[in-house]
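*Asks:* Handing you a structure now.
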Amino acid sequence: MALDLSFTPRPAGQLVINWHVTEACNYSCQYCYAKWEAPDRQRDLVHDPVRTKELLVRLYDFFHPDNHANPLRQDMDWSAVRLNLAGGEPLLYASRLLEMLPVARDIGFDVSLITNGSRLDPGLMASLAPSISLLGLSIDSPRAQNNREIGRMDRRGRGLDIDSLARAVDEGRRQNPALKVKVNTVVNKVNQSDDLTDVIQRLRPDKWKVLRMLPVVDDRLAVPQQAFDDFVRRHAHLAAIRHVEDNQDMTESYLMVDPMGRFFQNVEGGSARGYRYSQPILEAGASAAFVGMRFSAPKFLFRYKPPIKATE
Ligand code: SF4
């Protein structure tokens with residue numbers, strides 16, 4: 001375990017573990033980094049409720065706030081653990097997720113979900129909202145043509161309908177008034193000139209995360225520094241909820257688990273596809289699997305600073 005020791009301790013918050021439950025997605029973004037090596041054609045763990053529960057128990061035991069043997073304790077303090085369900089598109093398996101949410105919460109996790117929003121309707125949102133504290137929506141552009149170019153379209157050419165999504169989000173807030181909403185936008189070569197103001201005003205997120213496209217597996221849509229800075233400046237009026245992440249902020253600053261239950265990191269010089277993998281957590285145990293993973297506490301804490309203070 002290699003740690004950046006320049007960190008100054010801060011008040012306790014939430015530790016966030018991102019479990020990418022599947023690589024499958026109905027979109028095909030050119031820059032998508034959700035591509036993992038599956039040893040021996042293994043299936044995603046999410047399809048196996050018993051192994052899923054076992055994975056979650058092991059993760060929670062290792063990252064539990066009272067486990068002072070966790071190596072991150074040297075640099076960080078946290079009072080709760082949030083499981084962030086990501087993908088791929090996790091809502092392709094909505095029924096599995098709805099089964100898993102109470103299990104994860106019983107184990108002790110706070111739970112959040114990040115989705116491309118395409119499968120969300122008021123009915124599904126009403127079922128999900130009571131069990132999650134935070135809904136993350138990945139939205140890159142208000143323009144159909146740009147979404148098509150990026151790859152944010154399904155096989156039938158359908159992209160995101162912001163009006164429908166806004167109705168689903170409203171339903172989520174009705175069912176769970178404490179629900180926080182976050183929008184993630186990946187700035188890339190195609191959307192670098194877009195104006196997201198209308199999207200943000202309609203969805204009224206608590207936080208808008210603006211990320212510079214990270215060339216992990218593909219750099220065709222990489223955006224120059226000047227264009228990224230211009231995008232950020234153009235949206236200065238949304239600075240109160242906006243959080244900007246440049247490439248260097250992202251490396252080694254996420255705790256990530258892949259669909260097969262391995263920690264992984266997007267480090268330069270890692271194995272194929274730009275990732276370094278741990279041993280499977282179910283085989284080695286979370287503690288042994290975590291050995292060798294690099295993690296930067298200062299970068300992590302930079303990302304989880306306000307405006308979403310309580311849950312983010
Ligand atoms: S929506 Fe997300 S998971 Fe799906 S292709 Fe795009 S980046 Fe990948």
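Each chain in the structure tokens gets a letter, A, B and so on, in the order shown; residues start at 1 in every chain, and ligands are counted from 1 in the order they appear.
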Around ligand 1, which protein and nucleic acid residues have at least one atom no more than 8 Å from it, if we count only C-alpha atoms and all ligand atoms? List them as an mmCIF file with C-alpha atoms, in the first residue's frame.
*Replies:*
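What landed in result.cif:
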```
data_model
loop_
_atom_site.group_PDB
_atom_site.id
_atom_site.type_symbol
_atom_site.label_atom_id
_atom_site.label_comp_id
_atom_site.auth_asym_id
_atom_site.auth_seq_id
_atom_site.Cartn_x
_atom_site.Cartn_y
_atom_site.Cartn_z
ATOM 1 C CA GLU A 23 -19.288 -3.392 -18.083
ATOM 2 C CA ALA A 24 -22.526 -3.698 -20.052
ATOM 3 C CA CYS A 25 -24.072 -0.455 -21.244
ATOM 4 C CA ASN A 26 -26.704 0.568 -23.763
ATOM 5 C CA TYR A 27 -24.510 3.496 -24.839
ATOM 6 C CA SER A 28 -21.085 3.314 -26.428
ATOM 7 C CA CYS A 29 -19.189 6.466 -25.525
ATOM 8 C CA GLN A 30 -15.899 6.665 -27.368
ATOM 9 C CA TYR A 31 -14.039 7.547 -24.196
ATOM 10 C CA CYS A 32 -15.702 4.866 -22.040
ATOM 11 C CA TYR A 33 -13.272 3.467 -19.495
ATOM 12 C CA ALA A 34 -15.644 0.737 -18.286
ATOM 13 C CA GLY A 87 -21.025 0.624 -14.386
ATOM 14 C CA GLY A 88 -21.285 0.322 -17.338
ATOM 15 C CA GLU A 89 -24.932 1.091 -16.864
ATOM 16 C CA THR A 115 -26.356 6.115 -14.138
ATOM 17 C CA ASN A 116 -26.587 7.480 -17.664
ATOM 18 C CA SER A 138 -23.824 11.341 -16.383
ATOM 19 C CA GLY A 151 -21.642 7.630 -28.506
ATOM 20 C CA ARG A 152 -24.339 8.496 -25.970
#
```
*Asks:* Can you tell me, as a PyMOL selection string, which residues in region 118-213 of chain A count as alpha helix (DSSP H) by DSSP?
*Replies:* chain A and resi 122-128+144-150+162-175+197-203
*Asks:* What gap, in Å, lies between CA of Val183 (chain A) and CA of His64 (chain A)?
*Replies:*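 CA of Val183 (chain A) sits 27.7 Å away from CA of His64 (chain A).
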*Asks:* Do you know which residues are at most 9 Å from Ala286 (chain A) counting only C-alpha atoms, after dropping those on the same chain fewer than 6 positions away, and could you put them as a ChimeraX atom specification?
*Replies:* /A:55,58-59,61-63,262-263,279-280
*Asks:* Keeping only N, CA and C atoms, take the residues you just selected and write them out as a short mmCIF file (atom, residue, chain, number, x, y, z; two decimals), in the first residue's frame.
*Replies:*
```
data_model
loop_
_atom_site.label_atom_id
_atom_site.label_comp_id
_atom_site.auth_asym_id
_atom_site.auth_seq_id
_atom_site.Cartn_x
_atom_site.Cartn_y
_atom_site.Cartn_z
N LEU A 55 -19.11 -10.31 -1.03
CA LEU A 55 -18.20 -9.22 -1.41
C LEU A 55 -18.48 -7.98 -0.57
N ARG A 58 -17.26 -8.30 2.98
CA ARG A 58 -15.80 -8.18 3.09
C ARG A 58 -15.34 -6.73 2.92
N LEU A 59 -15.95 -6.04 1.98
CA LEU A 59 -15.58 -4.64 1.77
C LEU A 59 -15.93 -3.81 3.01
N ASP A 61 -16.36 -4.81 6.14
CA ASP A 61 -15.50 -5.14 7.29
C ASP A 61 -14.15 -4.45 7.17
N PHE A 62 -13.61 -4.40 5.96
CA PHE A 62 -12.27 -3.82 5.77
C PHE A 62 -12.29 -2.30 5.87
N PHE A 63 -13.34 -1.68 5.31
CA PHE A 63 -13.38 -0.20 5.30
C PHE A 63 -14.25 0.37 6.41
N ARG A 262 -12.56 -7.16 -8.01
CA ARG A 262 -11.14 -6.85 -7.79
C ARG A 262 -11.00 -5.34 -7.63
N PHE A 263 -10.09 -4.89 -6.76
CA PHE A 263 -9.75 -3.48 -6.77
C PHE A 263 -9.02 -3.21 -8.09
N GLN A 279 -5.83 -8.90 -6.56
CA GLN A 279 -6.39 -10.25 -6.55
C GLN A 279 -7.89 -10.14 -6.30
N PRO A 280 -8.67 -11.16 -6.67
CA PRO A 280 -10.11 -11.10 -6.36
C PRO A 280 -10.33 -11.02 -4.86
#
```
*Asks:* If you count only C-alpha atoms, which residues fall within 12 Å of Arg43 (chain A), apart from same-chain ones fewer than 2 positions away, as a list in words?
*Replies:*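 The residues satisfying every condition are Val21, Thr22, Glu23, Ala24, Trp36, Glu37, Ala38, Pro39, Asp40, Arg41, Leu45, Val46, His47, Asp48, Arg51, Thr52, Asp258, Pro259, Met260 and Gly261 of chain A.
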*Asks:* Now that the selection is made, can you save its residues with C-alpha atoms as a compact mmCIF listing (two decimals), in the first residue's frame?
*Replies:*
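See selection.txt below for the written result:
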```txt
# COMPACT_ATOMS: atom_id res chain seq x y z
CA VAL A 21 -21.18 -3.75 -11.15
CA THR A 22 -21.04 -4.37 -14.89
CA GLU A 23 -19.29 -3.39 -18.08
CA ALA A 24 -22.53 -3.70 -20.05
CA TRP A 36 -12.12 -4.67 -17.70
CA GLU A 37 -10.25 -7.86 -18.35
CA ALA A 38 -12.44 -10.79 -17.31
CA PRO A 39 -10.25 -13.72 -16.26
CA ASP A 40 -11.58 -17.09 -17.43
CA ARG A 41 -14.73 -15.53 -18.90
CA LEU A 45 -20.65 -10.87 -9.56
CA VAL A 46 -23.82 -8.81 -9.44
CA HIS A 47 -25.75 -11.71 -10.99
CA ASP A 48 -24.94 -13.93 -8.00
CA ARG A 51 -21.34 -13.84 -3.80
CA THR A 52 -22.52 -10.25 -4.03
CA ASP A 258 -14.51 -4.04 -10.91
CA PRO A 259 -17.45 -6.32 -11.89
CA MET A 260 -15.44 -9.42 -10.91
CA GLY A 261 -14.73 -8.09 -7.43
```
*Asks:* Might you pull out every residue within 6 Å of Lys207 (chain A), with only C-alpha atoms counted and same-chain residues fewer than 5 positions away left off, and present them as a ChimeraX atom specification?
*Replies:* /A:182,241-242
*Asks:* Taking N, CA, C and O atoms for each residue, export the selection above as an mmCIF file, in the first residue's frame.
*Replies:*
```
data_model
loop_
_atom_site.group_PDB
_atom_site.id
_atom_site.type_symbol
_atom_site.label_atom_id
_atom_site.label_comp_id
_atom_site.auth_asym_id
_atom_site.auth_seq_id
_atom_site.Cartn_x
_atom_site.Cartn_y
_atom_site.Cartn_z
ATOM 1 N N LYS A 182 -26.617 14.603 -8.316
ATOM 2 C CA LYS A 182 -25.352 15.094 -8.859
ATOM 3 C C LYS A 182 -25.351 14.850 -10.357
ATOM 4 O O LYS A 182 -25.853 13.815 -10.818
ATOM 5 N N ILE A 241 -22.284 25.293 -7.386
ATOM 6 C CA ILE A 241 -22.518 23.841 -7.263
ATOM 7 C C ILE A 241 -21.499 23.038 -8.060
ATOM 8 O O ILE A 241 -21.507 21.814 -8.018
ATOM 9 N N ARG A 242 -20.645 23.726 -8.764
ATOM 10 C CA ARG A 242 -19.735 23.031 -9.677
ATOM 11 C C ARG A 242 -18.465 22.586 -8.970
ATOM 12 O O ARG A 242 -17.955 23.273 -8.100
#
```
*Asks:* For CA of Arg143 (chain A) and CA of Leu92 (chain A), determine how far apart the two atoms are, in Å to one decimal place.
*Replies:*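 It comes out at 23.8 Å.
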*Asks:* Just want the 12 Å neighbourhood of Val223 (chain A), counted on only C-alpha atoms, with same-chain residues fewer than 6 positions away dropped. Output as a PDB file with N, CA and C atoms, in the first residue's frame.
*Replies:*
```pdb
ATOM      1  N   TYR A  31     -15.063   7.450 -25.244  1.00  0.00           N
ATOM      2  CA  TYR A  31     -14.039   7.547 -24.196  1.00  0.00           C
ATOM      3  C   TYR A  31     -14.283   6.578 -23.043  1.00  0.00           C
ATOM      4  N   VAL A 186     -18.452  14.929 -18.632  1.00  0.00           N
ATOM      5  CA  VAL A 186     -17.091  14.692 -19.092  1.00  0.00           C
ATOM      6  C   VAL A 186     -16.827  15.632 -20.266  1.00  0.00           C
ATOM      7  N   VAL A 187     -15.950  16.582 -20.053  1.00  0.00           N
ATOM      8  CA  VAL A 187     -15.653  17.538 -21.125  1.00  0.00           C
ATOM      9  C   VAL A 187     -14.685  16.871 -22.098  1.00  0.00           C
ATOM     10  N   ASN A 188     -15.058  16.871 -23.365  1.00  0.00           N
ATOM     11  CA  ASN A 188     -14.248  16.198 -24.377  1.00  0.00           C
ATOM     12  C   ASN A 188     -14.261  17.037 -25.654  1.00  0.00           C
ATOM     13  N   LYS A 189     -13.642  16.503 -26.687  1.00  0.00           N
ATOM     14  CA  LYS A 189     -13.482  17.269 -27.932  1.00  0.00           C
ATOM     15  C   LYS A 189     -14.836  17.639 -28.539  1.00  0.00           C
ATOM     16  N   VAL A 190     -15.857  16.803 -28.332  1.00  0.00           N
ATOM     17  CA  VAL A 190     -17.144  17.046 -28.988  1.00  0.00           C
ATOM     18  C   VAL A 190     -17.980  18.095 -28.239  1.00  0.00           C
ATOM     19  N   ASN A 191     -18.039  18.014 -26.931  1.00  0.00           N
ATOM     20  CA  ASN A 191     -18.930  18.912 -26.184  1.00  0.00           C
ATOM     21  C   ASN A 191     -18.212  20.139 -25.612  1.00  0.00           C
ATOM     22  N   GLN A 192     -16.956  20.335 -25.980  1.00  0.00           N
ATOM     23  CA  GLN A 192     -16.168  21.400 -25.364  1.00  0.00           C
ATOM     24  C   GLN A 192     -16.788  22.798 -25.538  1.00  0.00           C
ATOM     25  N   SER A 193     -17.635  22.975 -26.576  1.00  0.00           N
ATOM     26  CA  SER A 193     -18.239  24.292 -26.796  1.00  0.00           C
ATOM     27  C   SER A 193     -19.679  24.365 -26.303  1.00  0.00           C
ATOM     28  N   LEU A 211     -15.645  16.994 -15.334  1.00  0.00           N
ATOM     29  CA  LEU A 211     -14.407  16.223 -15.421  1.00  0.00           C
ATOM     30  C   LEU A 211     -13.780  16.382 -16.781  1.00  0.00           C
ATOM     31  N   ARG A 212     -12.495  16.489 -16.810  1.00  0.00           N
ATOM     32  CA  ARG A 212     -11.820  16.505 -18.105  1.00  0.00           C
ATOM     33  C   ARG A 212     -11.635  15.064 -18.561  1.00  0.00           C
ATOM     34  N   MET A 213     -11.969  14.805 -19.829  1.00  0.00           N
ATOM     35  CA  MET A 213     -11.858  13.427 -20.315  1.00  0.00           C
ATOM     36  C   MET A 213     -10.486  12.850 -20.019  1.00  0.00           C
ATOM     37  N   LEU A 214     -10.502  11.693 -19.373  1.00  0.00           N
ATOM     38  CA  LEU A 214      -9.250  11.046 -18.974  1.00  0.00           C
ATOM     39  C   LEU A 214      -8.900   9.989 -20.017  1.00  0.00           C
ATOM     40  N   PRO A 215      -7.802  10.177 -20.734  1.00  0.00           N
ATOM     41  CA  PRO A 215      -7.484   9.211 -21.797  1.00  0.00           C
ATOM     42  C   PRO A 215      -6.907   7.912 -21.236  1.00  0.00           C
ATOM     43  N   ASP A 229     -10.382  24.680 -19.977  1.00  0.00           N
ATOM     44  CA  ASP A 229     -10.443  25.899 -19.148  1.00  0.00           C
ATOM     45  C   ASP A 229     -11.551  26.825 -19.645  1.00  0.00           C
ATOM     46  N   ASP A 230     -11.714  26.928 -20.962  1.00  0.00           N
ATOM     47  CA  ASP A 230     -12.774  27.777 -21.524  1.00  0.00           C
ATOM     48  C   ASP A 230     -14.149  27.257 -21.115  1.00  0.00           C
ATOM     49  N   PHE A 231     -14.315  25.932 -21.150  1.00  0.00           N
ATOM     50  CA  PHE A 231     -15.591  25.330 -20.747  1.00  0.00           C
ATOM     51  C   PHE A 231     -15.890  25.697 -19.291  1.00  0.00           C
ATOM     52  N   ASP A 246      -9.594  17.971 -12.984  1.00  0.00           N
ATOM     53  CA  ASP A 246      -8.709  17.829 -14.134  1.00  0.00           C
ATOM     54  C   ASP A 246      -8.069  16.437 -14.063  1.00  0.00           C
ATOM     55  N   ASN A 247      -7.362  16.055 -15.114  1.00  0.00           N
ATOM     56  CA  ASN A 247      -6.822  14.681 -15.169  1.00  0.00           C
ATOM     57  C   ASN A 247      -6.014  14.302 -13.944  1.00  0.00           C
TER      58      ASN A 247
END
```
*Asks:* Smallest atom-to-atom distance to Pro90 (chain A): which of A:Ala69, A:Val244, A:Leu113, A:Ile139, using only C-alpha atoms?
*Replies:*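 Between A:Ala69, A:Val244, A:Leu113, A:Ile139, the residue approaching Pro90 (chain A) most closely is A:Leu113.
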